[in-house]
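Next comes start_19.txt, a file with compact mmCIF, C-alpha atoms and all ligand atoms.
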```txt
# COMPACT_ATOMS: atom_id res chain seq x y z
CA MET X 229 8.59 22.17 19.30
CA THR X 230 11.21 20.96 16.81
CA ALA X 231 11.34 22.11 13.22
CA ARG X 232 12.63 19.72 10.55
CA LEU X 233 13.64 20.95 7.11
CA VAL X 234 12.91 18.46 4.32
CA THR X 235 15.05 19.73 1.49
CA GLY X 236 16.60 18.61 -1.79
CA ILE X 237 13.13 17.86 -3.21
CA GLY X 238 13.44 17.74 -7.00
CA ALA X 239 9.79 18.43 -7.73
CA LEU X 240 7.22 18.87 -4.99
CA VAL X 241 3.60 18.21 -5.95
CA THR X 242 1.48 20.02 -3.36
CA CYS X 243 -1.97 19.13 -4.80
CA ALA X 244 -2.84 22.54 -3.42
CA GLY X 245 -2.72 24.79 -6.45
CA PRO X 246 -0.03 27.23 -7.50
CA GLY X 247 -0.19 29.23 -4.28
CA GLY X 248 -0.42 26.15 -2.11
CA ASP X 249 -3.65 27.33 -0.54
CA VAL X 250 -6.59 25.68 -2.35
CA PRO X 251 -8.81 23.97 0.24
CA VAL X 252 -9.40 20.26 -0.31
CA GLY X 253 -13.08 20.82 -0.98
CA ASP X 254 -12.55 23.45 -3.68
CA ARG X 255 -12.85 21.87 -7.13
CA SER X 256 -12.38 25.12 -9.05
CA LEU X 257 -8.99 24.05 -10.45
CA ASP X 258 -8.47 21.31 -12.99
CA ALA X 259 -6.15 18.52 -11.93
CA ALA X 260 -3.13 19.77 -13.86
CA THR X 261 -3.36 23.22 -12.28
CA ARG X 262 -4.15 21.90 -8.85
CA LEU X 263 -0.91 19.88 -8.79
CA GLY X 264 0.97 23.07 -7.93
CA VAL X 265 4.44 21.70 -8.70
CA VAL X 266 7.30 23.51 -6.94
CA GLU X 267 10.75 22.77 -8.42
CA GLY X 268 13.75 22.62 -6.07
CA ALA X 269 11.44 22.72 -3.06
CA ALA X 270 11.71 22.38 0.69
CA VAL X 271 9.14 21.80 3.41
CA VAL X 272 9.41 22.68 7.10
CA VAL X 273 7.65 20.21 9.39
CA GLU X 274 6.77 21.08 12.99
CA ASP X 275 5.34 18.34 15.20
CA GLY X 276 3.84 16.50 12.25
CA TRP X 277 2.32 19.54 10.55
CA VAL X 278 3.49 21.56 7.54
CA ALA X 279 4.79 24.92 8.76
CA TRP X 280 6.37 26.22 5.55
CA VAL X 281 6.55 25.24 1.83
CA GLY X 282 8.59 26.89 -0.90
CA PRO X 283 11.81 27.00 -2.91
CA ALA X 284 14.70 25.53 -0.91
CA ALA X 285 16.77 28.66 -1.39
CA GLN X 286 14.25 30.62 0.69
CA ALA X 287 13.77 28.05 3.44
CA PRO X 288 13.87 29.27 7.05
CA ALA X 289 16.26 27.82 9.64
CA ALA X 290 15.28 24.54 11.28
CA ASP X 291 16.52 22.25 14.06
CA ASP X 292 17.45 19.39 11.73
CA ARG X 293 17.26 18.52 8.05
CA VAL X 294 16.61 15.63 5.69
CA ASP X 295 18.07 15.92 2.18
CA LEU X 296 16.05 14.00 -0.43
CA GLN X 297 18.73 14.47 -3.10
CA GLY X 298 16.45 15.37 -5.97
CA ARG X 299 13.65 12.87 -5.39
CA ALA X 300 10.09 13.96 -6.13
CA VAL X 301 7.61 14.34 -3.27
CA VAL X 302 3.81 14.09 -3.46
CA PRO X 303 1.15 14.19 -0.74
CA GLY X 304 0.86 10.82 0.98
CA PHE X 305 -1.93 8.79 -0.61
CA VAL X 306 -5.34 8.88 1.10
CA ASP X 307 -6.80 5.39 0.74
CA SER X 308 -10.43 5.96 1.65
CA HIS X 309 -11.63 2.34 1.19
CA ALA X 310 -9.91 -0.72 2.67
CA HIS X 311 -11.00 -3.91 4.42
CA LEU X 312 -7.89 -4.79 6.44
CA VAL X 313 -9.27 -6.78 9.40
CA SER X 314 -9.58 -10.33 8.13
CA ALA X 315 -7.92 -13.72 8.30
CA GLY X 316 -7.78 -16.55 5.81
CA ASP X 317 -6.86 -16.85 2.17
CA ARG X 318 -8.98 -16.85 -0.97
CA ALA X 319 -6.31 -17.45 -3.58
CA ALA X 320 -8.28 -20.46 -4.85
CA GLU X 321 -11.32 -18.23 -5.41
CA PHE X 322 -9.12 -15.81 -7.35
CA ALA X 323 -7.72 -18.64 -9.47
CA ALA X 324 -11.24 -19.92 -10.20
CA ARG X 325 -12.28 -16.41 -11.23
CA MET X 326 -9.36 -16.13 -13.61
CA ALA X 327 -10.66 -19.39 -15.10
CA GLY X 328 -14.11 -17.90 -15.60
CA THR X 329 -16.11 -18.15 -12.36
CA PRO X 330 -17.81 -14.77 -11.80
CA TYR X 331 -17.65 -12.88 -8.48
CA ASP X 332 -20.94 -12.63 -6.57
CA GLY X 333 -19.87 -11.86 -2.99
CA GLY X 334 -20.35 -15.44 -1.82
CA GLY X 335 -16.68 -15.84 -0.92
CA ILE X 336 -17.04 -13.25 1.83
CA GLY X 337 -18.38 -16.09 4.00
CA VAL X 338 -15.01 -17.85 3.74
CA SER X 339 -13.25 -14.80 5.16
CA VAL X 340 -15.92 -14.44 7.85
CA ALA X 341 -15.31 -17.99 9.11
CA ALA X 342 -11.53 -17.51 9.19
CA THR X 343 -11.80 -14.11 10.86
CA ARG X 344 -14.12 -15.34 13.59
CA ALA X 345 -11.69 -18.20 14.29
CA ALA X 346 -8.65 -15.90 14.59
CA SER X 347 -7.40 -14.56 17.92
CA ASP X 348 -7.15 -10.84 18.62
CA ASP X 349 -3.38 -11.04 18.35
CA GLU X 350 -3.52 -12.86 15.02
CA LEU X 351 -5.86 -10.22 13.59
CA ARG X 352 -3.78 -7.41 15.07
CA ALA X 353 -0.63 -8.81 13.45
CA LEU X 354 -2.34 -9.21 10.05
CA LEU X 355 -3.69 -5.67 10.25
CA ALA X 356 -0.31 -4.22 11.25
CA ALA X 357 1.40 -6.01 8.37
CA ARG X 358 -1.13 -4.62 5.87
CA VAL X 359 -0.80 -1.08 7.23
CA ALA X 360 2.99 -1.39 6.97
CA GLU X 361 2.70 -2.59 3.37
CA ALA X 362 0.50 0.38 2.50
CA ARG X 363 2.84 2.89 4.16
CA ALA X 364 5.82 1.33 2.40
CA LEU X 365 4.10 2.28 -0.86
CA GLY X 366 3.23 5.86 0.10
CA THR X 367 -0.16 5.65 1.83
CA THR X 368 -0.41 7.92 4.88
CA THR X 369 -4.18 7.90 5.57
CA LEU X 370 -6.19 4.67 5.57
CA GLU X 371 -9.86 3.99 6.13
CA VAL X 372 -10.44 0.53 7.65
CA LYS X 373 -13.78 -1.31 7.64
CA SER X 374 -15.17 -4.14 9.70
CA GLY X 375 -17.38 -6.61 7.81
CA TYR X 376 -15.77 -10.02 8.29
CA GLY X 377 -17.13 -10.61 11.79
CA LEU X 378 -20.91 -10.25 11.33
CA THR X 379 -21.72 -10.98 14.99
CA VAL X 380 -21.98 -8.30 17.66
CA GLU X 381 -18.73 -9.40 19.30
CA ASP X 382 -16.75 -9.98 16.10
CA GLU X 383 -17.75 -6.69 14.48
CA ALA X 384 -16.98 -4.72 17.65
CA ARG X 385 -13.64 -6.51 17.92
CA ALA X 386 -12.75 -5.64 14.30
CA LEU X 387 -13.50 -1.98 14.93
CA ARG X 388 -11.56 -1.89 18.21
CA LEU X 389 -8.55 -3.29 16.36
CA ALA X 390 -9.03 -0.92 13.42
CA ALA X 391 -9.17 2.04 15.81
CA GLU X 392 -5.68 1.10 17.01
CA VAL X 393 -4.31 2.04 13.55
CA THR X 394 -6.64 4.75 12.19
CA ASP X 395 -9.34 7.26 13.11
CA GLU X 396 -11.17 6.41 9.86
CA THR X 397 -13.02 3.31 11.04
CA THR X 398 -16.15 2.07 9.29
CA PHE X 399 -18.87 -0.25 10.60
CA LEU X 400 -19.78 -2.71 7.83
CA GLY X 401 -22.01 -5.18 9.66
CA ALA X 402 -24.17 -5.02 6.52
CA HIS X 403 -21.46 -6.49 4.31
CA VAL X 404 -23.46 -9.64 3.56
CA VAL X 405 -26.16 -11.66 5.32
CA PRO X 406 -24.13 -14.36 7.12
CA ALA X 407 -25.02 -18.01 6.53
CA GLU X 408 -26.71 -18.52 9.90
CA TRP X 409 -29.17 -15.69 9.10
CA ARG X 410 -29.82 -16.62 5.46
CA ASP X 411 -33.44 -17.60 6.14
CA ASP X 412 -34.11 -14.50 8.25
CA ARG X 413 -32.76 -11.41 6.54
CA GLY X 414 -35.07 -9.18 8.57
CA GLY X 415 -33.74 -10.69 11.78
CA TYR X 416 -30.16 -9.99 10.69
CA LEU X 417 -31.05 -6.39 9.84
CA ASP X 418 -32.63 -6.02 13.30
CA LEU X 419 -29.34 -7.21 14.77
CA VAL X 420 -27.21 -4.90 12.58
CA THR X 421 -29.31 -1.82 13.24
CA GLY X 422 -29.82 -2.66 16.94
CA PRO X 423 -27.31 -4.37 19.24
CA MET X 424 -24.51 -4.62 16.67
CA LEU X 425 -24.65 -0.92 15.85
CA ALA X 426 -24.82 -0.05 19.56
CA ALA X 427 -21.68 -2.10 20.24
CA CYS X 428 -19.81 -0.80 17.19
CA ALA X 429 -20.71 2.90 17.05
CA PRO X 430 -18.34 3.88 19.89
CA HIS X 431 -15.42 2.58 17.79
CA ALA X 432 -16.62 3.76 14.38
CA HIS X 433 -16.63 7.03 12.49
CA TRP X 434 -18.62 5.75 9.50
CA VAL X 435 -21.30 3.22 8.56
CA ASP X 436 -21.22 1.42 5.20
CA VAL X 437 -23.45 -1.12 3.42
CA PHE X 438 -22.98 -3.41 0.41
CA CYS X 439 -26.04 -2.33 -1.61
CA GLU X 440 -26.15 -4.77 -4.52
CA PRO X 441 -29.55 -6.32 -5.23
CA ARG X 442 -27.94 -8.55 -7.88
CA SER X 443 -25.99 -10.43 -5.22
CA PRO X 444 -28.08 -12.82 -3.10
CA HIS X 445 -25.63 -12.12 -0.27
CA ALA X 446 -25.80 -8.32 -0.23
CA PHE X 447 -28.56 -5.78 0.41
CA THR X 448 -31.44 -4.16 -1.46
CA ALA X 449 -32.02 -0.41 -1.55
CA GLU X 450 -34.62 -0.57 1.22
CA GLU X 451 -32.42 -2.76 3.42
CA ALA X 452 -29.45 -0.46 2.79
CA ARG X 453 -31.53 2.63 3.58
CA ARG X 454 -32.48 1.09 6.92
CA VAL X 455 -28.83 0.44 7.81
CA LEU X 456 -27.69 3.91 6.77
CA LEU X 457 -30.46 5.73 8.63
CA ALA X 458 -29.75 3.74 11.79
CA GLY X 459 -26.06 4.53 11.45
CA ARG X 460 -26.78 8.20 10.98
CA ALA X 461 -29.03 8.21 14.06
CA ALA X 462 -26.10 6.72 15.99
CA GLY X 463 -23.91 9.63 14.88
CA LEU X 464 -21.98 7.93 12.07
CA GLY X 465 -21.18 9.37 8.65
CA LEU X 466 -22.47 7.47 5.62
CA ARG X 467 -20.62 5.47 2.95
CA VAL X 468 -22.03 3.01 0.40
CA HIS X 469 -20.71 0.12 -1.72
CA GLY X 470 -22.82 0.59 -4.84
CA ASN X 471 -23.17 -0.36 -8.50
CA GLN X 472 -20.29 -2.85 -8.39
CA LEU X 473 -21.75 -5.92 -10.06
CA GLY X 474 -24.37 -4.29 -12.24
CA PRO X 475 -26.70 -1.30 -12.52
CA GLY X 476 -28.46 -0.70 -9.22
CA PRO X 477 -29.82 1.74 -6.67
CA GLY X 478 -26.66 2.30 -4.58
CA VAL X 479 -25.47 5.52 -6.18
CA ARG X 480 -28.81 7.26 -6.02
CA LEU X 481 -29.40 6.13 -2.45
CA ALA X 482 -25.99 7.47 -1.44
CA VAL X 483 -26.68 10.82 -3.09
CA GLU X 484 -30.19 11.04 -1.64
CA LEU X 485 -28.90 10.46 1.89
CA GLY X 486 -25.88 12.76 1.49
CA ALA X 487 -23.28 10.00 1.93
CA ALA X 488 -19.67 11.17 1.86
CA SER X 489 -18.82 8.58 -0.77
CA VAL X 490 -20.28 5.87 -2.97
CA ASP X 491 -17.69 3.34 -3.91
CA HIS X 492 -17.18 1.14 -7.00
CA CYS X 493 -19.52 3.07 -9.40
CA THR X 494 -18.73 0.51 -12.06
CA PHE X 495 -22.16 0.30 -13.70
CA LEU X 496 -23.75 3.75 -13.95
CA ASP X 497 -26.65 5.01 -16.03
CA ASP X 498 -27.14 8.63 -17.07
CA ALA X 499 -29.28 9.41 -14.03
CA ASP X 500 -26.53 8.09 -11.70
CA VAL X 501 -23.92 10.28 -13.38
CA ASP X 502 -26.21 13.32 -13.28
CA ALA X 503 -26.93 12.69 -9.60
CA LEU X 504 -23.22 12.43 -8.76
CA ALA X 505 -22.46 15.60 -10.72
CA ALA X 506 -25.23 17.51 -8.96
CA ALA X 507 -23.99 16.22 -5.58
CA SER X 508 -20.30 16.85 -6.25
CA ASP X 509 -19.95 19.02 -3.14
CA THR X 510 -21.34 16.23 -0.96
CA THR X 511 -20.87 12.75 -2.39
CA VAL X 512 -17.64 11.52 -3.94
CA ALA X 513 -17.60 8.77 -6.58
CA THR X 514 -14.78 6.53 -5.37
CA LEU X 515 -13.37 4.27 -8.07
CA LEU X 516 -11.60 1.03 -7.14
CA PRO X 517 -9.99 -0.23 -10.34
CA GLY X 518 -7.97 -2.89 -8.50
CA VAL X 519 -11.31 -4.67 -8.10
CA GLU X 520 -12.01 -4.78 -11.82
CA PHE X 521 -8.43 -5.99 -12.36
CA SER X 522 -8.89 -8.84 -9.86
CA THR X 523 -12.43 -9.78 -10.84
CA ARG X 524 -12.03 -9.40 -14.59
CA MET X 525 -14.94 -6.98 -14.71
CA PRO X 526 -15.30 -3.92 -16.95
CA TYR X 527 -13.62 -0.81 -15.56
CA PRO X 528 -15.71 2.18 -14.43
CA ASP X 529 -16.03 5.12 -16.81
CA ALA X 530 -13.93 7.75 -15.08
CA ARG X 531 -13.92 10.09 -18.09
CA ARG X 532 -17.71 10.25 -18.09
CA LEU X 533 -17.76 11.13 -14.39
CA LEU X 534 -15.04 13.75 -14.74
CA ALA X 535 -16.67 15.29 -17.80
CA ALA X 536 -19.97 15.54 -15.94
CA GLY X 537 -18.29 17.34 -13.01
CA ALA X 538 -18.53 14.59 -10.39
CA SER X 539 -15.99 14.45 -7.54
CA VAL X 540 -13.79 11.43 -8.17
CA ALA X 541 -11.50 9.57 -5.76
CA LEU X 542 -9.32 6.50 -6.21
CA ALA X 543 -8.88 3.93 -3.45
CA SER X 544 -7.54 0.40 -3.13
CA ASP X 545 -10.48 -1.56 -1.64
CA CYS X 546 -7.78 -3.87 -0.28
CA ASN X 547 -9.64 -7.03 0.78
CA PRO X 548 -9.10 -10.79 0.58
CA GLY X 549 -11.73 -11.32 -2.14
CA THR X 550 -11.89 -8.74 -4.90
CA CYS X 551 -8.55 -6.92 -4.61
CA ASN X 552 -5.83 -8.23 -2.35
CA THR X 553 -3.49 -5.25 -2.60
CA ALA X 554 -3.27 -1.89 -0.85
CA ALA X 555 -0.79 -0.57 -3.42
CA MET X 556 -1.99 2.92 -4.35
CA PRO X 557 0.72 3.34 -7.03
CA PHE X 558 -0.77 0.27 -8.73
CA VAL X 559 -4.24 1.84 -8.47
CA ILE X 560 -2.89 5.04 -10.03
CA ALA X 561 -1.27 3.06 -12.85
CA LEU X 562 -4.57 1.26 -13.54
CA ALA X 563 -6.42 4.57 -13.49
CA VAL X 564 -4.09 6.00 -16.11
CA ARG X 565 -3.89 2.90 -18.31
CA GLU X 566 -7.41 1.50 -18.00
CA LEU X 567 -9.59 4.40 -16.84
CA ARG X 568 -7.85 6.87 -19.15
CA MET X 569 -7.27 9.39 -16.41
CA THR X 570 -4.24 11.65 -16.84
CA GLY X 571 -1.40 11.18 -14.38
CA ALA X 572 -2.42 14.47 -12.76
CA GLU X 573 -6.08 13.44 -12.45
CA ALA X 574 -5.12 10.10 -10.96
CA LEU X 575 -2.75 11.65 -8.41
CA VAL X 576 -5.33 14.26 -7.38
CA ALA X 577 -7.99 11.55 -7.06
CA ALA X 578 -5.67 9.43 -4.88
CA THR X 579 -4.86 12.34 -2.56
CA VAL X 580 -7.30 15.28 -2.60
CA GLY X 581 -10.10 12.98 -3.79
CA GLY X 582 -9.59 10.50 -0.98
CA ALA X 583 -9.46 13.35 1.54
CA ARG X 584 -12.76 14.67 0.22
CA ALA X 585 -14.28 11.18 0.42
CA LEU X 586 -13.35 11.19 4.11
CA ARG X 587 -14.43 14.82 4.57
CA ARG X 588 -10.89 15.72 5.59
CA THR X 589 -9.12 19.00 4.87
CA ASP X 590 -5.91 18.23 6.78
CA VAL X 591 -4.62 15.51 4.45
CA GLY X 592 -4.23 14.97 0.70
CA ARG X 593 -2.14 18.10 0.06
CA VAL X 594 1.13 19.66 1.15
CA ALA X 595 0.27 23.11 2.45
CA VAL X 596 0.75 25.15 5.59
CA GLY X 597 -1.77 23.91 8.13
CA ALA X 598 -2.06 20.41 6.65
CA ARG X 599 -0.56 17.30 8.17
CA ALA X 600 3.02 16.68 7.03
CA ASP X 601 2.09 13.40 5.34
CA LEU X 602 4.60 13.15 2.52
CA ALA X 603 5.34 10.38 0.03
CA VAL X 604 8.84 10.31 -1.40
CA LEU X 605 9.29 8.92 -4.93
CA GLU X 606 12.38 7.14 -6.23
CA ALA X 607 11.75 9.15 -9.38
CA PRO X 608 12.04 12.67 -10.75
CA SER X 609 8.31 13.09 -11.39
CA TYR X 610 4.87 11.85 -10.28
CA GLU X 611 4.28 10.63 -13.85
CA HIS X 612 6.61 7.73 -13.06
CA LEU X 613 3.89 6.20 -10.84
CA ALA X 614 2.04 5.07 -13.97
CA TYR X 615 5.05 5.05 -16.27
CA ARG X 616 6.90 2.47 -14.13
CA PRO X 617 4.06 0.23 -12.89
CA GLY X 618 4.85 -2.38 -10.29
CA MET X 619 8.09 -0.74 -9.19
CA PRO X 620 8.36 0.28 -5.50
CA LEU X 621 8.75 3.97 -6.23
CA ALA X 622 6.76 5.55 -3.41
CA ARG X 623 7.21 5.38 0.37
CA ALA X 624 5.75 7.37 3.22
CA LEU X 625 8.35 9.71 4.74
CA SER X 626 8.49 8.90 8.43
N1 LIG X 701 -18.14 -5.78 -2.55
C1 LIG X 701 -18.13 -5.89 -1.35
N2 LIG X 701 -17.05 -5.94 -0.55
C2 LIG X 701 -15.71 -6.06 -1.03
C3 LIG X 701 -15.34 -7.45 -1.37
C4 LIG X 701 -15.29 -8.30 -0.17
C5 LIG X 701 -14.84 -9.73 -0.39
O1 LIG X 701 -15.10 -10.33 -1.44
O2 LIG X 701 -14.24 -10.24 0.57
C6 LIG X 701 -15.50 -5.08 -2.17
O3 LIG X 701 -15.60 -3.89 -1.90
O4 LIG X 701 -15.23 -5.48 -3.30
ZN ZN X 702 -15.07 -2.65 -0.35
```
For the structure just supplied, provide its representation as C-alpha cells.
Amino acid sequence: MTARLVTGIGALVTCAGPGGDVPVGDRSLDAATRLGVVEGAAVVVEDGWVAWVGPAAQAPAADDRVDLQGRAVVPGFVDSHAHLVSAGDRAAEFAARMAGTPYDGGGIGVSVAATRAASDDELRALLAARVAEARALGTTTLEVKSGYGLTVEDEARALRLAAEVTDETTFLGAHVVPAEWRDDRGGYLDLVTGPMLAACAPHAHWVDVFCEPRSPHAFTAEEARRVLLAGRAAGLGLRVHGNQLGPGPGVRLAVELGAASVDHCTFLDDADVDALAAASDTTVATLLPGVEFSTRMPYPDARRLLAAGASVALASDCNPGTCNTAAMPFVIALAVRELRMTGAEALVAATVGGARALRRTDVGRVAVGARADLAVLEAPSYEHLAYRPGMPLARALS
C-alpha cells in the first residue's frame, strides 16, 4: 500500500463538519457549518481512500507528495443525474427554443434515432469524451442513464456501456413512448416492465421514469408507478423525473414509493414541499438548474425547499435536449445566482447532496474512510465557483 501526501492546500472544504466526521446522511448541520474548512491543510491518500486529514504541519510521513501550492480543494462533485449515452445533435432544437418554441420532450425521439444508428464504438467514444469533460471540471462521481435506445437491445447496450464508466447506472426505458409504440402505450409498458427490464436489470443499479402527464411523450402517475414497482421487484433502486414541465404527480409518487431522489422539482405545490420535507431522510429533491437555463423555464424554488427542511441536491442532467453540459461549476453558479442558494449551500448540494441522492456515504466529503475524490480549484476559495462563472477553475485530482 502506498501513501500519498496531498499538501499545500490553501483551504480544504471537507463537507464533513468541523471534526470531519459527519456522515453524509446526517443533516443536523447547516451548510455553512458542514463545510468544515481546514486552512493550510493536507490529506493522506492510501489506495484511493482518505487515510488522514488535518493541518499540513501535523501530517504523517508518506511515500510521495503532491504540493498544491495554496490552491483550494473541495470534495469532487457528485453528479447524480446525467444522460451521457446518446448520439446526434439537437442544436437546432435549442435555437428554436431560444426563439420561443417550448420544450415538450418530443425532441427525445431525434436522439433515439441517432443513438440506435450509432455503433458501440461510436457511443463508447462519445460517452468517454463526456466523462472526461466532467472530470476536467471536478466531477468524480457520475450517474449515467439509458433512455435513448428504447428497444430491448438498445437499452441493454446503453447500460452495458454506462457500466464501463460508473457503478451508478440507471435504466430509463420509460423515458418516452417511442414513435413505433405511440398507438399502443400499454404494449410499450409491457415491454419496459417485462423483457426490457429483464435484459437491463443485470447492468443497472437504478430504475427511473419520466413522469410528466403534461407531455404526450412521457408517462402518467399510474404508468410511472407500474415501471417503478417492476424495477423494484427486479432489485433496482428508484429515481423519478418529476414536476419538470408543470405541476404533477411525480414528487408525491416518488415520496410514496421511497425513491432515493425526485429530479427537476421545478413546479411544486405546498403538498409536494411538505411531502419532501417529511421524507427528507429518504427522498432527495434534486434540482437541475441547467435545464431551466437551456429551456428558458422558471427556476425551481430552492429556498422554499431548504426552508421546509427538504434534502436538496444539485446535478447537471447533462443530455442532448434540455441541458447539454456536465459542468457542475456552472450548475453551482446558477444555483447561487438564480436559485438564491448560498455558495456553501450550493457546494454541499453538489457534493453531500448528490451522495445522498445516490445513497452513498463514501463520496461527497473529504474524511477518513471516504474515497479520496478531490477537486482542486484554481482559486483560493470555493466561493470562486460562483464568483467566476464560466472559468475552468475546478478539476478532479487524479
Ligand atoms: N425530461 C426528461 N429527460 C431529460 C431530457 C431529455 C431530452 O430532451 O433529450 C431531462 O431530464 O430533462
Ligand atoms: Zn434527466
Distance filter 10 Å around ligand LIG 701 (chain X), atoms: only C-alpha atoms and all ligand atoms, out as a PyMOL selection string | chain X and resi 309-311+314+318+321+331-340+373+375-376+400+402-404+437-440+443+445-446+468-473+491-492+516+518-520+522-523+544-552
Residue contacts of X:Asp295 (6 Å, only C-alpha atoms) excluding same-chain residues fewer than 2 positions away, as a PyMOL selection string = chain X and resi 235-236+297
Atom CA of X:Thr514 to atom CA of X:Val540 measures 5.7 Å
Option closest in space to X:Ala362, from X:Gly571, X:Pro557, X:Pro617, X:Gly422 [counting all atoms listed in the file] |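 Going through X:Gly571, X:Pro557, X:Pro617, X:Gly422 one by one, the smallest distance to X:Ala362 is for X:Pro557.
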With only C-alpha atoms as the atoms that count, which of X:Arg568, X:Ser374, X:Ala585, X:Ala578 lies nearest to X:Gly486?
-> X:Ala585
Mind pulling up the distance from atom CA of X:Val265 to atom CA of X:Thr230?
->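 Distance between the two atoms: 26.4 Å.
Ranking X:Val359, X:Leu417, X:Leu562, X:Val580 by their shortest atom-to-atom distance to X:Thr242, with all atoms listed in the file included, puts X:Val580 first.
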In Å to one decimal, how far is atom CA of X:Arg454 from atom CA of X:Gly478?
->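 Rounded to one decimal, the two atoms are 12.9 Å apart.
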Given only C-alpha atoms and all ligand atoms as the counted atoms, nearest of X:Glu408, X:Val490, X:Pro441, X:Glu381 to ligand ZN 702 (chain X) |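 The answer is X:Val490, which sits nearest to ligand ZN 702 (chain X).
Minimum distance to X:Glu267 across X:Leu240, X:Leu605, X:Ala503, X:Val281 (counting only C-alpha atoms) occurs at X:Leu240.
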Name the residues in contact with X:Val313 at a cut-off of 8 Å, using all atoms listed in the file, excluding same-chain residues fewer than 6 positions from it; report them as a ChimeraX atom specification.
-> /X:343,351-352,354-355,372-374,376,386,389-390
Name the residues in contact with X:Gly282 at a cut-off of 10 Å, using all atoms listed in the file, excluding same-chain residues fewer than 3 positions from it; report them as a PyMOL selection string.
-> chain X and resi 235+240+247-248+266-272+285-288+595
Which residue out of X:Cys243, X:Ala452, X:Ala543, X:Ala614 has the minimum interatomic distance to X:Met556 when only C-alpha atoms are used?
-> X:Ala543
Can you find the residues with an atom no farther than 9 Å from (-12.5, 14.6, -7.9), counting only C-alpha atoms, and report them as a list of chain:residue names?
->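 Protein, DNA and RNA residues close to (-12.5, 14.6, -7.9): X:Arg255, X:Ala259, X:Ser508, X:Val512, X:Ala513, X:Thr514, X:Leu534, X:Gly537, X:Ala538, X:Ser539, X:Val540, X:Ala541, X:Leu542, X:Glu573, X:Val576, X:Ala577, X:Val580, X:Gly581, X:Gly582, X:Arg584.
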Write out as a PDB file with C-alpha atoms, in the frame of the given file which residues come within 9 Å of X:Ala530 when counting all atoms listed in the file, dropping same-chain ones fewer than 5 positions away.
```
ATOM      1  CA  LEU X 515     -13.370   4.270  -8.070  1.00  0.00           C
ATOM      2  CA  ALA X 535     -16.670  15.290 -17.800  1.00  0.00           C
ATOM      3  CA  VAL X 540     -13.790  11.430  -8.170  1.00  0.00           C
ATOM      4  CA  ALA X 563      -6.420   4.570 -13.490  1.00  0.00           C
ATOM      5  CA  LEU X 567      -9.590   4.400 -16.840  1.00  0.00           C
ATOM      6  CA  ARG X 568      -7.850   6.870 -19.150  1.00  0.00           C
ATOM      7  CA  MET X 569      -7.270   9.390 -16.410  1.00  0.00           C
TER       8      MET X 569
END
```
Within 10 Å of X:Asp291 using all atoms listed in the file, minus same-chain residues under 4 positions, as a ChimeraX atom specification | /X:229-233,272,274
Using the incomplete input, complete stretch 472-485 of chain X to the level of N, CA and C atoms; output as a PDB file, keeping the file's coordinate frame.
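out-v4.pdb, written as the output of this step:
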```
ATOM      1  N   GLN X 472     -21.518  -2.098  -8.099  1.00  0.00           N
ATOM      2  CA  GLN X 472     -20.290  -2.850  -8.390  1.00  0.00           C
ATOM      3  C   GLN X 472     -20.511  -3.946  -9.414  1.00  0.00           C
ATOM      4  N   LEU X 473     -21.578  -4.711  -9.241  1.00  0.00           N
ATOM      5  CA  LEU X 473     -21.750  -5.920 -10.060  1.00  0.00           C
ATOM      6  C   LEU X 473     -22.707  -5.699 -11.221  1.00  0.00           C
ATOM      7  N   GLY X 474     -23.443  -4.603 -11.165  1.00  0.00           N
ATOM      8  CA  GLY X 474     -24.370  -4.290 -12.240  1.00  0.00           C
ATOM      9  C   GLY X 474     -25.090  -2.993 -11.904  1.00  0.00           C
ATOM     10  N   PRO X 475     -25.930  -2.513 -12.825  1.00  0.00           N
ATOM     11  CA  PRO X 475     -26.700  -1.300 -12.520  1.00  0.00           C
ATOM     12  C   PRO X 475     -27.523  -1.536 -11.256  1.00  0.00           C
ATOM     13  N   GLY X 476     -27.729  -0.489 -10.470  1.00  0.00           N
ATOM     14  CA  GLY X 476     -28.460  -0.700  -9.220  1.00  0.00           C
ATOM     15  C   GLY X 476     -28.738   0.617  -8.523  1.00  0.00           C
ATOM     16  N   PRO X 477     -29.342   0.547  -7.357  1.00  0.00           N
ATOM     17  CA  PRO X 477     -29.820   1.740  -6.670  1.00  0.00           C
ATOM     18  C   PRO X 477     -28.804   2.412  -5.744  1.00  0.00           C
ATOM     19  N   GLY X 478     -27.598   1.828  -5.603  1.00  0.00           N
ATOM     20  CA  GLY X 478     -26.660   2.300  -4.580  1.00  0.00           C
ATOM     21  C   GLY X 478     -26.261   3.757  -4.745  1.00  0.00           C
ATOM     22  N   VAL X 479     -25.940   4.156  -5.966  1.00  0.00           N
ATOM     23  CA  VAL X 479     -25.470   5.520  -6.180  1.00  0.00           C
ATOM     24  C   VAL X 479     -26.555   6.519  -5.808  1.00  0.00           C
ATOM     25  N   ARG X 480     -27.768   6.249  -6.287  1.00  0.00           N
ATOM     26  CA  ARG X 480     -28.810   7.260  -6.020  1.00  0.00           C
ATOM     27  C   ARG X 480     -29.210   7.288  -4.553  1.00  0.00           C
ATOM     28  N   LEU X 481     -29.138   6.147  -3.895  1.00  0.00           N
ATOM     29  CA  LEU X 481     -29.400   6.130  -2.450  1.00  0.00           C
ATOM     30  C   LEU X 481     -28.334   6.936  -1.704  1.00  0.00           C
ATOM     31  N   ALA X 482     -27.081   6.740  -2.095  1.00  0.00           N
ATOM     32  CA  ALA X 482     -25.990   7.470  -1.440  1.00  0.00           C
ATOM     33  C   ALA X 482     -26.163   8.980  -1.615  1.00  0.00           C
ATOM     34  N   VAL X 483     -26.495   9.387  -2.824  1.00  0.00           N
ATOM     35  CA  VAL X 483     -26.680  10.820  -3.090  1.00  0.00           C
ATOM     36  C   VAL X 483     -27.881  11.337  -2.303  1.00  0.00           C
ATOM     37  N   GLU X 484     -28.973  10.598  -2.341  1.00  0.00           N
ATOM     38  CA  GLU X 484     -30.190  11.040  -1.640  1.00  0.00           C
ATOM     39  C   GLU X 484     -29.929  11.256  -0.148  1.00  0.00           C
ATOM     40  N   LEU X 485     -29.133  10.364   0.446  1.00  0.00           N
ATOM     41  CA  LEU X 485     -28.900  10.460   1.890  1.00  0.00           C
ATOM     42  C   LEU X 485     -27.686  11.318   2.234  1.00  0.00           C
TER      43      LEU X 485
END
```
